[in-house]
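Taking it in order: structure first as structure tokens, then the write-up.
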Amino acid sequence: MSLFDKFKKHKITNDNWEFYQAYDEDGNISFTTIDLSYNDPPKQVGFLGELFVRVRIPEQKIHEGIPIPEEHSFQNEKEEELCEALVKSRIDCIQVGRITYFGQKQYIFEYNNLDGFKSIFNSWKNSFSTDYEIELNLLSPFEYYVDLLPDKFIWQQIGNRHVIERLLEAGSNEQKEHFIEHGIFGKQDDLKSLFNELKNHDISLISIEEDLMEVGIKSTLDLDEITNQTNYLMSVAEEHNCKYDGWNTKIEK
């Protein structure tokens, strides 16, 4: 390390973070934030291993598996404390994800300096009360991270949220009913066959022109409601050899 390297600001996070929510088979919800800087396999190199810190939250501090507001704030503060300590000690690691699920918080890191990380982790762990169960789990590089990468439905959910955010920033009233226009590509015969199924679900036809069909659904700008629409349309479009292409709507104030 050169003299100047000693004075460079040490970082363990990037700026390319994205958020999504998902449900397991039992209906339990999870909230995941992931650094997408490493979503391509060629970028998943340069680290000796992966670890995740698991914090099991006391039952009285969670509701339906999710931390109550006071506990949520507390956990955010503790995560910042851990990351600040790792940065201050210049531990060779990066944080690539976090997940809240079923009464626990998990923080995912790729590392090269395991002993240094463990030292910081043990001090941080001792700052919690004995009501918490805290553990460190070791994995192969990017093993857990890859499992958390969005699939096509999650990517669409992320896109839905971004569109809704832009509409709200432009002044649209999220509680007001909007006419959501969805686009689907395919061959004419496939699109017509697809619409014969869609029309049984209160979905109206806007147009079919060449290889593009547009259909409309009335709904508020609720992320879960919009995502239910796009999940259904993506799935049923594939069944008819078509491809879902996204949605838009007019601003409703």
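The way I read the labels, and the way they are meant: chains A, B, ... in the order of the structure tokens, residue 1 as the first residue of every chain, and ligand 1 as the first ligand shown, with later ones counted on from there.
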
For this session: Please report, as a count of residues only, each residue of region 13-160 of chain A to which DSSP assigns strand (DSSP E) when run on this structure's backbone.
Result: 50

Tell me, counting only C-alpha atoms, for each residue of region 82-193 of chain A within 12 Å of region 208-230 of chain A, which pair of atoms is nearest and how far apart they are in Å to one decimal, in rows ordered by chain and increasing number, as a tab-separated table.
```
residue	atom	partner	partner_atom	distance
A:Lys152	CA	A:Thr230	CA	10.8
A:Phe153	CA	A:Thr230	CA	8.2
A:Ile154	CA	A:Thr227	CA	9.1
A:Trp155	CA	A:Thr227	CA	10.5
A:Gln156	CA	A:Thr230	CA	7.4
A:Gln157	CA	A:Thr227	CA	5.7
A:Ile158	CA	A:Thr227	CA	9.2
A:Gly159	CA	A:Thr227	CA	9.6
A:Asn160	CA	A:Thr227	CA	6.8
A:Arg161	CA	A:Leu223	CA	6.3
A:His162	CA	A:Leu223	CA	9.9
A:Val163	CA	A:Leu221	CA	9.6
A:Ile164	CA	A:Leu221	CA	6.5
A:Glu165	CA	A:Leu221	CA	9.5
A:Arg166	CA	A:Leu221	CA	11.2
A:Leu167	CA	A:Leu221	CA	8.8
A:Leu168	CA	A:Leu221	CA	8.8
A:Ser172	CA	A:Leu221	CA	8.8
A:Asn173	CA	A:Leu221	CA	7.9
A:Glu174	CA	A:Leu221	CA	4.7
A:Gln175	CA	A:Thr220	CA	5.5
A:Lys176	CA	A:Thr220	CA	5.6
A:Glu177	CA	A:Thr220	CA	4.6
A:His178	CA	A:Ser219	CA	5.4
A:Phe179	CA	A:Lys218	CA	4.6
A:Ile180	CA	A:Ile217	CA	5.1
A:Glu181	CA	A:Gly216	CA	4.6
A:His182	CA	A:Val215	CA	5.3
A:Gly183	CA	A:Glu214	CA	4.6
A:Ile184	CA	A:Met213	CA	5.3
A:Phe185	CA	A:Leu212	CA	4.6
A:Gly186	CA	A:Asp211	CA	5.1
A:Lys187	CA	A:Asp211	CA	5.4
A:Gln188	CA	A:Asp211	CA	6.0
A:Asp189	CA	A:Asp211	CA	9.6
A:Asp190	CA	A:Asp211	CA	9.4
A:Leu191	CA	A:Met213	CA	6.6
A:Lys192	CA	A:Ile208	CA	8.2
A:Ser193	CA	A:Met213	CA	11.4
```

Problem set entry | Pick from A:Gly49, A:Gly103, A:Gly97, A:Gly27, whichever lies nearest to His72 (chain A) using only C-alpha atoms |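 Smallest separation from His72 (chain A) among the options: A:Gly103.
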
Exercise. Using the chain letters and numbers from this document, which residues of region 39-237 of chain A does DSSP assign to alpha helix (DSSP H), as JSON, numbers by chain?
Worked result: {"A": [69, 70, 71, 72, 73, 74, 75, 76, 77, 78, 79, 80, 81, 82, 83, 84, 85, 86, 87, 88, 114, 115, 116, 117, 118, 119, 120, 121, 122, 123, 124, 125, 143, 144, 145, 146, 147, 148, 152, 153, 154, 155, 156, 157, 158, 159, 160, 161, 162, 163, 164, 165, 166, 167, 168, 169, 188, 189, 190, 191, 192, 193, 194, 195, 196, 197, 198, 223, 224, 225, 226, 227, 228, 229, 230, 231, 232, 233, 234, 235, 236, 237]}

Selected residues written out, C-alpha atoms, as a compact mmCIF listing (two decimals), in the first residue's frame:
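Generated output (result.txt):
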```
# COMPACT_ATOMS: atom_id res chain seq x y z
CA PRO A 69 -41.31 1.07 13.77
CA GLU A 70 -39.15 1.63 16.86
CA GLU A 71 -37.26 -1.60 16.24
CA HIS A 72 -36.91 -0.80 12.54
CA SER A 73 -35.16 2.46 13.45
CA PHE A 74 -32.99 0.67 16.00
CA GLN A 75 -31.91 -1.95 13.47
CA ASN A 76 -31.01 0.75 10.95
CA GLU A 77 -28.82 2.41 13.57
CA LYS A 78 -27.10 -0.88 14.41
CA GLU A 79 -26.42 -1.61 10.75
CA GLU A 80 -24.83 1.83 10.39
CA GLU A 81 -22.71 1.16 13.47
CA LEU A 82 -21.43 -2.11 12.00
CA CYS A 83 -20.62 -0.56 8.62
CA GLU A 84 -18.95 2.47 10.19
CA ALA A 85 -16.76 0.21 12.33
CA LEU A 86 -15.77 -1.85 9.26
CA VAL A 87 -14.94 1.31 7.32
CA LYS A 88 -12.99 2.85 10.21
CA LEU A 114 -12.34 -12.69 7.61
CA ASP A 115 -10.37 -12.32 10.86
CA GLY A 116 -10.74 -8.55 10.76
CA PHE A 117 -14.46 -8.84 10.07
CA LYS A 118 -14.95 -11.30 12.93
CA SER A 119 -13.17 -8.97 15.34
CA ILE A 120 -15.47 -6.06 14.44
CA PHE A 121 -18.50 -8.34 14.42
CA ASN A 122 -17.82 -9.70 17.93
CA SER A 123 -17.55 -6.19 19.40
CA TRP A 124 -20.72 -5.13 17.60
CA LYS A 125 -22.58 -8.28 18.69
CA GLU A 143 -23.61 -17.62 -3.01
CA TYR A 144 -26.47 -15.98 -1.10
CA TYR A 145 -26.27 -12.83 -3.21
CA VAL A 146 -27.11 -14.74 -6.41
CA ASP A 147 -30.23 -16.21 -4.75
CA LEU A 148 -31.39 -12.67 -3.96
CA LYS A 152 -38.25 -11.29 -14.27
CA PHE A 153 -41.28 -10.75 -12.03
CA ILE A 154 -39.24 -8.90 -9.42
CA TRP A 155 -37.59 -6.77 -12.13
CA GLN A 156 -41.09 -5.84 -13.28
CA GLN A 157 -42.10 -5.01 -9.70
CA ILE A 158 -39.07 -2.72 -9.44
CA GLY A 159 -40.03 -1.08 -12.73
CA ASN A 160 -43.61 -0.68 -11.52
CA ARG A 161 -42.42 1.16 -8.43
CA HIS A 162 -40.25 3.50 -10.47
CA VAL A 163 -43.15 4.37 -12.80
CA ILE A 164 -45.45 5.01 -9.82
CA GLU A 165 -42.81 7.22 -8.18
CA ARG A 166 -42.48 9.31 -11.36
CA LEU A 167 -46.27 9.66 -11.63
CA LEU A 168 -46.54 10.79 -8.02
CA GLU A 169 -43.69 13.26 -8.49
CA GLN A 188 -51.76 -11.07 -34.51
CA ASP A 189 -53.38 -14.47 -34.08
CA ASP A 190 -51.65 -15.01 -30.74
CA LEU A 191 -52.66 -11.57 -29.51
CA LYS A 192 -56.29 -12.16 -30.46
CA SER A 193 -56.24 -15.54 -28.73
CA LEU A 194 -54.73 -13.90 -25.66
CA PHE A 195 -57.39 -11.22 -25.52
CA ASN A 196 -60.15 -13.83 -25.67
CA GLU A 197 -58.84 -14.92 -22.27
CA LEU A 198 -58.17 -11.42 -20.92
CA LEU A 223 -47.83 -1.06 -6.04
CA ASP A 224 -49.30 -4.42 -4.99
CA GLU A 225 -52.32 -3.94 -7.24
CA ILE A 226 -50.23 -2.92 -10.25
CA THR A 227 -47.78 -5.77 -9.63
CA ASN A 228 -50.65 -8.28 -9.47
CA GLN A 229 -51.71 -7.01 -12.89
CA THR A 230 -48.25 -7.25 -14.43
CA ASN A 231 -47.54 -10.68 -12.91
CA TYR A 232 -50.77 -12.01 -14.40
CA LEU A 233 -50.23 -10.41 -17.80
CA MET A 234 -46.63 -11.61 -18.01
CA SER A 235 -47.65 -15.18 -17.22
CA VAL A 236 -50.69 -15.37 -19.47
CA ALA A 237 -48.86 -13.62 -22.33
```

Exercise. From the list A:Tyr101, A:Phe142, A:Phe128, A:Tyr23, which residue is nearest Ile62 (chain A) when using only C-alpha atoms?
Worked result: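 Closest to Ile62 (chain A), using only C-alpha atoms: A:Tyr101.
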
For this session: Skip Ile57 (chain A) itself and residues of its chain fewer than 4 positions away, then list as a PyMOL selection string all residues within 8 Å of it, counting only C-alpha atoms.
Result: chain A and resi 61-62+67+103-105+131-133

Requested write-out: N, CA and C atoms of the selected residues, as an mmCIF file, in the first residue's frame:
```
data_model
loop_
_atom_site.group_PDB
_atom_site.id
_atom_site.type_symbol
_atom_site.label_atom_id
_atom_site.label_comp_id
_atom_site.auth_asym_id
_atom_site.auth_seq_id
_atom_site.Cartn_x
_atom_site.Cartn_y
_atom_site.Cartn_z
ATOM 1 N N LYS A 61 -40.957 -7.456 19.621
ATOM 2 C CA LYS A 61 -40.556 -6.289 18.847
ATOM 3 C C LYS A 61 -40.834 -6.461 17.359
ATOM 4 N N ILE A 62 -41.648 -7.463 17.010
ATOM 5 C CA ILE A 62 -42.023 -7.672 15.618
ATOM 6 C C ILE A 62 -43.534 -7.799 15.506
ATOM 7 N N PRO A 67 -40.184 -5.944 11.870
ATOM 8 C CA PRO A 67 -39.934 -5.109 13.058
ATOM 9 C C PRO A 67 -40.936 -3.973 13.180
ATOM 10 N N GLY A 103 -39.052 -12.070 11.220
ATOM 11 C CA GLY A 103 -38.501 -11.757 12.539
ATOM 12 C C GLY A 103 -36.999 -11.667 12.595
ATOM 13 N N GLN A 104 -36.356 -11.485 11.457
ATOM 14 C CA GLN A 104 -34.904 -11.383 11.464
ATOM 15 C C GLN A 104 -34.416 -10.383 10.430
ATOM 16 N N LYS A 105 -33.237 -9.856 10.703
ATOM 17 C CA LYS A 105 -32.522 -9.006 9.744
ATOM 18 C C LYS A 105 -31.252 -9.737 9.345
ATOM 19 N N ASP A 131 -31.497 -10.282 24.649
ATOM 20 C CA ASP A 131 -32.785 -10.630 24.028
ATOM 21 C C ASP A 131 -32.617 -11.012 22.559
ATOM 22 N N TYR A 132 -31.488 -10.625 21.980
ATOM 23 C CA TYR A 132 -31.256 -10.858 20.562
ATOM 24 C C TYR A 132 -30.355 -12.075 20.361
ATOM 25 N N GLU A 133 -30.650 -12.834 19.296
ATOM 26 C CA GLU A 133 -29.774 -13.918 18.865
ATOM 27 C C GLU A 133 -29.050 -13.449 17.610
#
```
